[in-house]
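Below you'll find the structure, written out as structure tokens, and then a few comments.
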Amino acid sequence: MPSDKKHIKGYVYQTMPYQVLLFYKYTDVSDPEALAAQIRSLAEGLSLTGRVIVATEGINATLEGTVENTESFIAQFTDPRFADMQYKKSAGTGKSFPKLSVKVRKEIVGTGFTQDEADPRVSTAPRITADELRSWYESDKDFVVVDMRNNYEFASGHFKNSIEPGISASRHLPLAMEKLAPLKDKKVVTVCTGGIRCEKMSAYLMHKGFKDVQQLDGGIHTYMEKYPGKDFQGTLYTFDQRVTMNFGGEREIVGTCHLCGAQTERYADCADLTCHLHFLACDNCRDSEGKVYCSNECAKQLVRSDLA
Ligand SMILES: [Zn+2]
Ligand SMILES: [Zn+2]
């Protein structure tokens, strides 16, 4: 339904002066420091904020700025290694990031996998488009969606009948292998926010003997742009100050308060600074300043440290 997409994009452009770009690509980068400097200077010149990670395996970035400046970034970032890179766009607030950070790291997504375990430059799972996955849902095909995001992201929104590995960080995927093992012979579709984590994690599943793995092309972001309110239930978590992304369309709230079970999409960090668990907490379970502890243990710990 291409007309739908235009409608959503039109909505973003007409009502929001700011735009967030999400983009990544796995490709050989022999000069990560130089590429980082090039991106930094381009982004600074356009007053963009956000996070960019450059590694010898590629780039991973989220940038916010005015619609005009973010479009200029796309037009001016002409490095041929990234010529076919896809930019995902969503409505910004102008305050999604406190500043611009461009860093060189070992990996563009911190999985800790060896190159033998997962290297998307060499091999990764075949892609399934949003349209194909939608038709699978409509025809009730025998498949299972495995959500490669962290548990707290899954909490506020996820695909119908999807499996949650239950990990709190990408590098913990090996700990979920026992839970996922029964799916080795099933038709598996991996999903994540924009697709970058699936590139490695689907490759890792294949390395571990999963026979029929595909990854959702463009991730949940692309699916929700095309089919807002369909199949993906709830809201899409994002690692910036927007916390969740809105793609329009009617949707149900699937997030529940970690403490009382009430419906909510509000995230909190446990007020105990040694815990700092990121979780869903409803308004009722917070104090007047919005503070909340994830558990009685954490609440009691505060009393102890107050007395000490
Ligand atoms: Zn509550
Ligand atoms: Zn806690």
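Residue numbers start at 1 in each chain; chains themselves are named A, B, ... in the order of the structure tokens; ligands are numbered from 1 in the order shown.
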
Practice task
Around ligand 2, at most 7 Å away and counting only C-alpha atoms and all ligand atoms, which residues are there? Put them as a count of residues only, please.
Solution key: 10

Exercise for the section: Using only C-alpha atoms, determine which residues lie at most 10 Å from Ser72 in chain A, disregarding the query and same-chain residues fewer than 4 positions distant; provide the list as a list of chain:residue names. Expected result: A:Leu42, A:Ala43, A:Leu46, A:Thr66, A:Val67, A:Glu68, A:Gln76, A:Phe77

Exercise for the section: Work out how far apart CA of Tyr223 in chain A and CA of Asp131 in chain A are and give it in Å to one decimal. Expected result: 8.1 Å

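Distances to ligand 1 were evaluated for A:Gly290, A:Gly45, A:Gly65, A:Gly261 using only C-alpha atoms and all ligand atoms, and the minimum falls at A:Gly261.
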
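All residues, whether protein, DNA or RNA, that have an atom at most 12 Å from ligand 1 (counting only C-alpha atoms and all ligand atoms) are Gly255, Thr256, Cys257, His258, Leu259, Cys260, Gly261, Ala262, Gln263, Thr264, Glu265, Arg266, Tyr267, Ala268, Phe279, Leu280, Ala281, Cys282, Asp283, Asn284, Cys285, Arg286, Asp287, Gly290, Val292, Tyr293, Cys294 and Ser295 of chain A.
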
Could you write those residues out with C-alpha atoms, as an mmCIF file, in the first residue's frame?
data_model
loop_
_atom_site.group_PDB
_atom_site.id
_atom_site.type_symbol
_atom_site.label_atom_id
_atom_site.label_comp_id
_atom_site.auth_asym_id
_atom_site.auth_seq_id
_atom_site.Cartn_x
_atom_site.Cartn_y
_atom_site.Cartn_z
ATOM 1 C CA GLY A 255 2.581 -2.411 28.199
ATOM 2 C CA THR A 256 1.803 -3.176 31.826
ATOM 3 C CA CYS A 257 3.180 -1.667 35.009
ATOM 4 C CA HIS A 258 5.955 -3.866 36.416
ATOM 5 C CA LEU A 259 4.599 -3.228 39.929
ATOM 6 C CA CYS A 260 0.781 -3.343 39.735
ATOM 7 C CA GLY A 261 -0.025 -4.646 36.252
ATOM 8 C CA ALA A 262 -1.998 -1.586 35.123
ATOM 9 C CA GLN A 263 -1.775 -0.563 31.449
ATOM 10 C CA THR A 264 1.016 1.907 30.806
ATOM 11 C CA GLU A 265 3.650 2.934 28.264
ATOM 12 C CA ARG A 266 5.617 5.078 30.722
ATOM 13 C CA TYR A 267 9.189 4.027 31.419
ATOM 14 C CA ALA A 268 11.076 4.642 34.640
ATOM 15 C CA PHE A 279 10.992 -0.713 33.458
ATOM 16 C CA LEU A 280 7.359 0.262 32.886
ATOM 17 C CA ALA A 281 5.727 2.014 35.840
ATOM 18 C CA CYS A 282 2.265 3.561 35.896
ATOM 19 C CA ASP A 283 1.522 6.977 37.381
ATOM 20 C CA ASN A 284 -0.134 5.474 40.470
ATOM 21 C CA CYS A 285 2.986 3.571 41.468
ATOM 22 C CA ARG A 286 5.199 6.679 41.416
ATOM 23 C CA ASP A 287 5.630 9.321 44.051
ATOM 24 C CA GLY A 290 7.643 10.549 39.434
ATOM 25 C CA VAL A 292 9.675 4.763 41.716
ATOM 26 C CA TYR A 293 11.580 1.668 42.895
ATOM 27 C CA CYS A 294 11.436 -1.538 40.870
ATOM 28 C CA SER A 295 11.000 -3.740 43.951
#

Practice task
Would you please extract all helix (DSSP H, G or I) residues from range 92-282 of chain A, as assigned by DSSP on the backbone, and give them as a PyMOL selection string?
Solution key: chain A and resi 130-138+151-156+170-183+196-207+219-226

Completion exercise
Atom pair CA of Asp31 in chain A + CA of Phe113 in chain A, distance 21.8 Å

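With only C-alpha atoms taken into account, the protein and nucleic acid residues at most 6 Å from range 86-90 of chain A (excluding it and anything under 3 positions from it in its own chain) are Gln19, Val20, Leu21, Leu22 and Phe23 of chain A.
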
Give me a file of those residues, with N, CA and C atoms, as an mmCIF file, in the first residue's frame.
data_model
loop_
_atom_site.group_PDB
_atom_site.id
_atom_site.type_symbol
_atom_site.label_atom_id
_atom_site.label_comp_id
_atom_site.auth_asym_id
_atom_site.auth_seq_id
_atom_site.Cartn_x
_atom_site.Cartn_y
_atom_site.Cartn_z
ATOM 1 N N GLN A 19 13.033 16.039 12.406
ATOM 2 C CA GLN A 19 13.003 14.689 11.881
ATOM 3 C C GLN A 19 14.179 13.904 12.462
ATOM 4 N N VAL A 20 13.937 12.629 12.732
ATOM 5 C CA VAL A 20 15.019 11.759 13.208
ATOM 6 C C VAL A 20 15.355 10.773 12.099
ATOM 7 N N LEU A 21 16.640 10.672 11.794
ATOM 8 C CA LEU A 21 17.124 9.703 10.806
ATOM 9 C C LEU A 21 17.734 8.521 11.526
ATOM 10 N N LEU A 22 17.385 7.335 11.061
ATOM 11 C CA LEU A 22 17.977 6.114 11.614
ATOM 12 C C LEU A 22 18.632 5.416 10.430
ATOM 13 N N PHE A 23 19.907 5.128 10.516
ATOM 14 C CA PHE A 23 20.549 4.441 9.389
ATOM 15 C C PHE A 23 21.758 3.645 9.846
#

Practice task
Write out as a PyMOL selection string which residues come within 10 Å of Met206 in chain A when counting only C-alpha atoms, dropping same-chain ones fewer than 6 positions away.
Solution key: chain A and resi 117-118+123-125+184+200+212-214

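Taking CA of Leu63 in chain A and CA of Pro120 in chain A as the two end points, the separation is 23.2 Å.
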
Practice task
Pick out the residues sitting within 7 Å of Ser101 in chain A, and hand them over as a list in words; count only C-alpha atoms, and ignore anything fewer than 4 positions along from it in its own chain.
Solution key: Gly50, Arg51 and Val52 of chain A

Exercise for the section: Name all residues at most 9 Å from Val189 in chain A (count only C-alpha atoms; drop same-chain ones fewer than 2 positions away) and give them as a ChimeraX atom specification. Expected result: /A:127-128,133,143-147,187,191,202,212-216

Can I get the selected residues back with N, CA and C atoms, as a PDB file, in the first residue's frame?
ATOM      1  N   ARG A 127      16.265 -11.760   3.705  1.00  0.00           N
ATOM      2  CA  ARG A 127      15.326 -10.756   4.210  1.00  0.00           C
ATOM      3  C   ARG A 127      13.899 -11.051   3.784  1.00  0.00           C
ATOM      4  N   ILE A 128      12.978 -10.753   4.691  1.00  0.00           N
ATOM      5  CA  ILE A 128      11.564 -10.799   4.347  1.00  0.00           C
ATOM      6  C   ILE A 128      11.061  -9.353   4.422  1.00  0.00           C
ATOM      7  N   LEU A 133       5.702 -10.201   5.250  1.00  0.00           N
ATOM      8  CA  LEU A 133       5.350 -10.595   6.624  1.00  0.00           C
ATOM      9  C   LEU A 133       3.874 -10.302   6.891  1.00  0.00           C
ATOM     10  N   PHE A 143       4.668 -19.752  11.214  1.00  0.00           N
ATOM     11  CA  PHE A 143       5.974 -19.117  11.404  1.00  0.00           C
ATOM     12  C   PHE A 143       6.021 -18.544  12.820  1.00  0.00           C
ATOM     13  N   VAL A 144       7.225 -18.183  13.234  1.00  0.00           N
ATOM     14  CA  VAL A 144       7.335 -17.561  14.550  1.00  0.00           C
ATOM     15  C   VAL A 144       8.283 -16.359  14.483  1.00  0.00           C
ATOM     16  N   VAL A 145       7.823 -15.255  15.080  1.00  0.00           N
ATOM     17  CA  VAL A 145       8.646 -14.051  15.135  1.00  0.00           C
ATOM     18  C   VAL A 145       9.475 -14.109  16.420  1.00  0.00           C
ATOM     19  N   VAL A 146      10.795 -13.959  16.270  1.00  0.00           N
ATOM     20  CA  VAL A 146      11.660 -13.867  17.446  1.00  0.00           C
ATOM     21  C   VAL A 146      12.154 -12.421  17.547  1.00  0.00           C
ATOM     22  N   ASP A 147      11.830 -11.788  18.642  1.00  0.00           N
ATOM     23  CA  ASP A 147      12.125 -10.366  18.824  1.00  0.00           C
ATOM     24  C   ASP A 147      13.522 -10.220  19.428  1.00  0.00           C
ATOM     25  N   LYS A 187      10.024 -22.091  10.990  1.00  0.00           N
ATOM     26  CA  LYS A 187      10.223 -20.919  10.145  1.00  0.00           C
ATOM     27  C   LYS A 187      10.296 -19.705  11.069  1.00  0.00           C
ATOM     28  N   VAL A 191      13.171  -9.955  14.310  1.00  0.00           N
ATOM     29  CA  VAL A 191      12.825  -8.539  14.180  1.00  0.00           C
ATOM     30  C   VAL A 191      13.593  -7.726  15.216  1.00  0.00           C
ATOM     31  N   SER A 202      20.500 -12.806  13.501  1.00  0.00           N
ATOM     32  CA  SER A 202      19.991 -13.868  12.625  1.00  0.00           C
ATOM     33  C   SER A 202      21.157 -14.739  12.158  1.00  0.00           C
ATOM     34  N   ASP A 212      15.815 -22.329   9.230  1.00  0.00           N
ATOM     35  CA  ASP A 212      15.003 -21.491   8.342  1.00  0.00           C
ATOM     36  C   ASP A 212      14.782 -20.123   8.994  1.00  0.00           C
ATOM     37  N   VAL A 213      15.804 -19.278   8.899  1.00  0.00           N
ATOM     38  CA  VAL A 213      15.746 -17.960   9.542  1.00  0.00           C
ATOM     39  C   VAL A 213      15.678 -16.868   8.485  1.00  0.00           C
ATOM     40  N   GLN A 214      14.773 -15.925   8.665  1.00  0.00           N
ATOM     41  CA  GLN A 214      14.750 -14.725   7.831  1.00  0.00           C
ATOM     42  C   GLN A 214      14.722 -13.516   8.755  1.00  0.00           C
ATOM     43  N   GLN A 215      15.200 -12.374   8.247  1.00  0.00           N
ATOM     44  CA  GLN A 215      15.168 -11.162   9.061  1.00  0.00           C
ATOM     45  C   GLN A 215      14.240 -10.139   8.409  1.00  0.00           C
ATOM     46  N   LEU A 216      13.507  -9.401   9.256  1.00  0.00           N
ATOM     47  CA  LEU A 216      12.554  -8.411   8.728  1.00  0.00           C
ATOM     48  C   LEU A 216      13.319  -7.217   8.162  1.00  0.00           C
TER      49      LEU A 216
END

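Close contacts of Asp28 in chain A, defined as residues with an atom at most 8 Å away when counting only C-alpha atoms, with chain neighbours fewer than 3 positions off set aside, comprise Thr56, Glu57, Gly58 and Arg121 of chain A.
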
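Distance annotation: of A:His221, A:Gln241, A:Asn161, A:Gln233, the residue with the minimal separation from Lys99 in chain A is A:Gln241; atom set is only C-alpha atoms.
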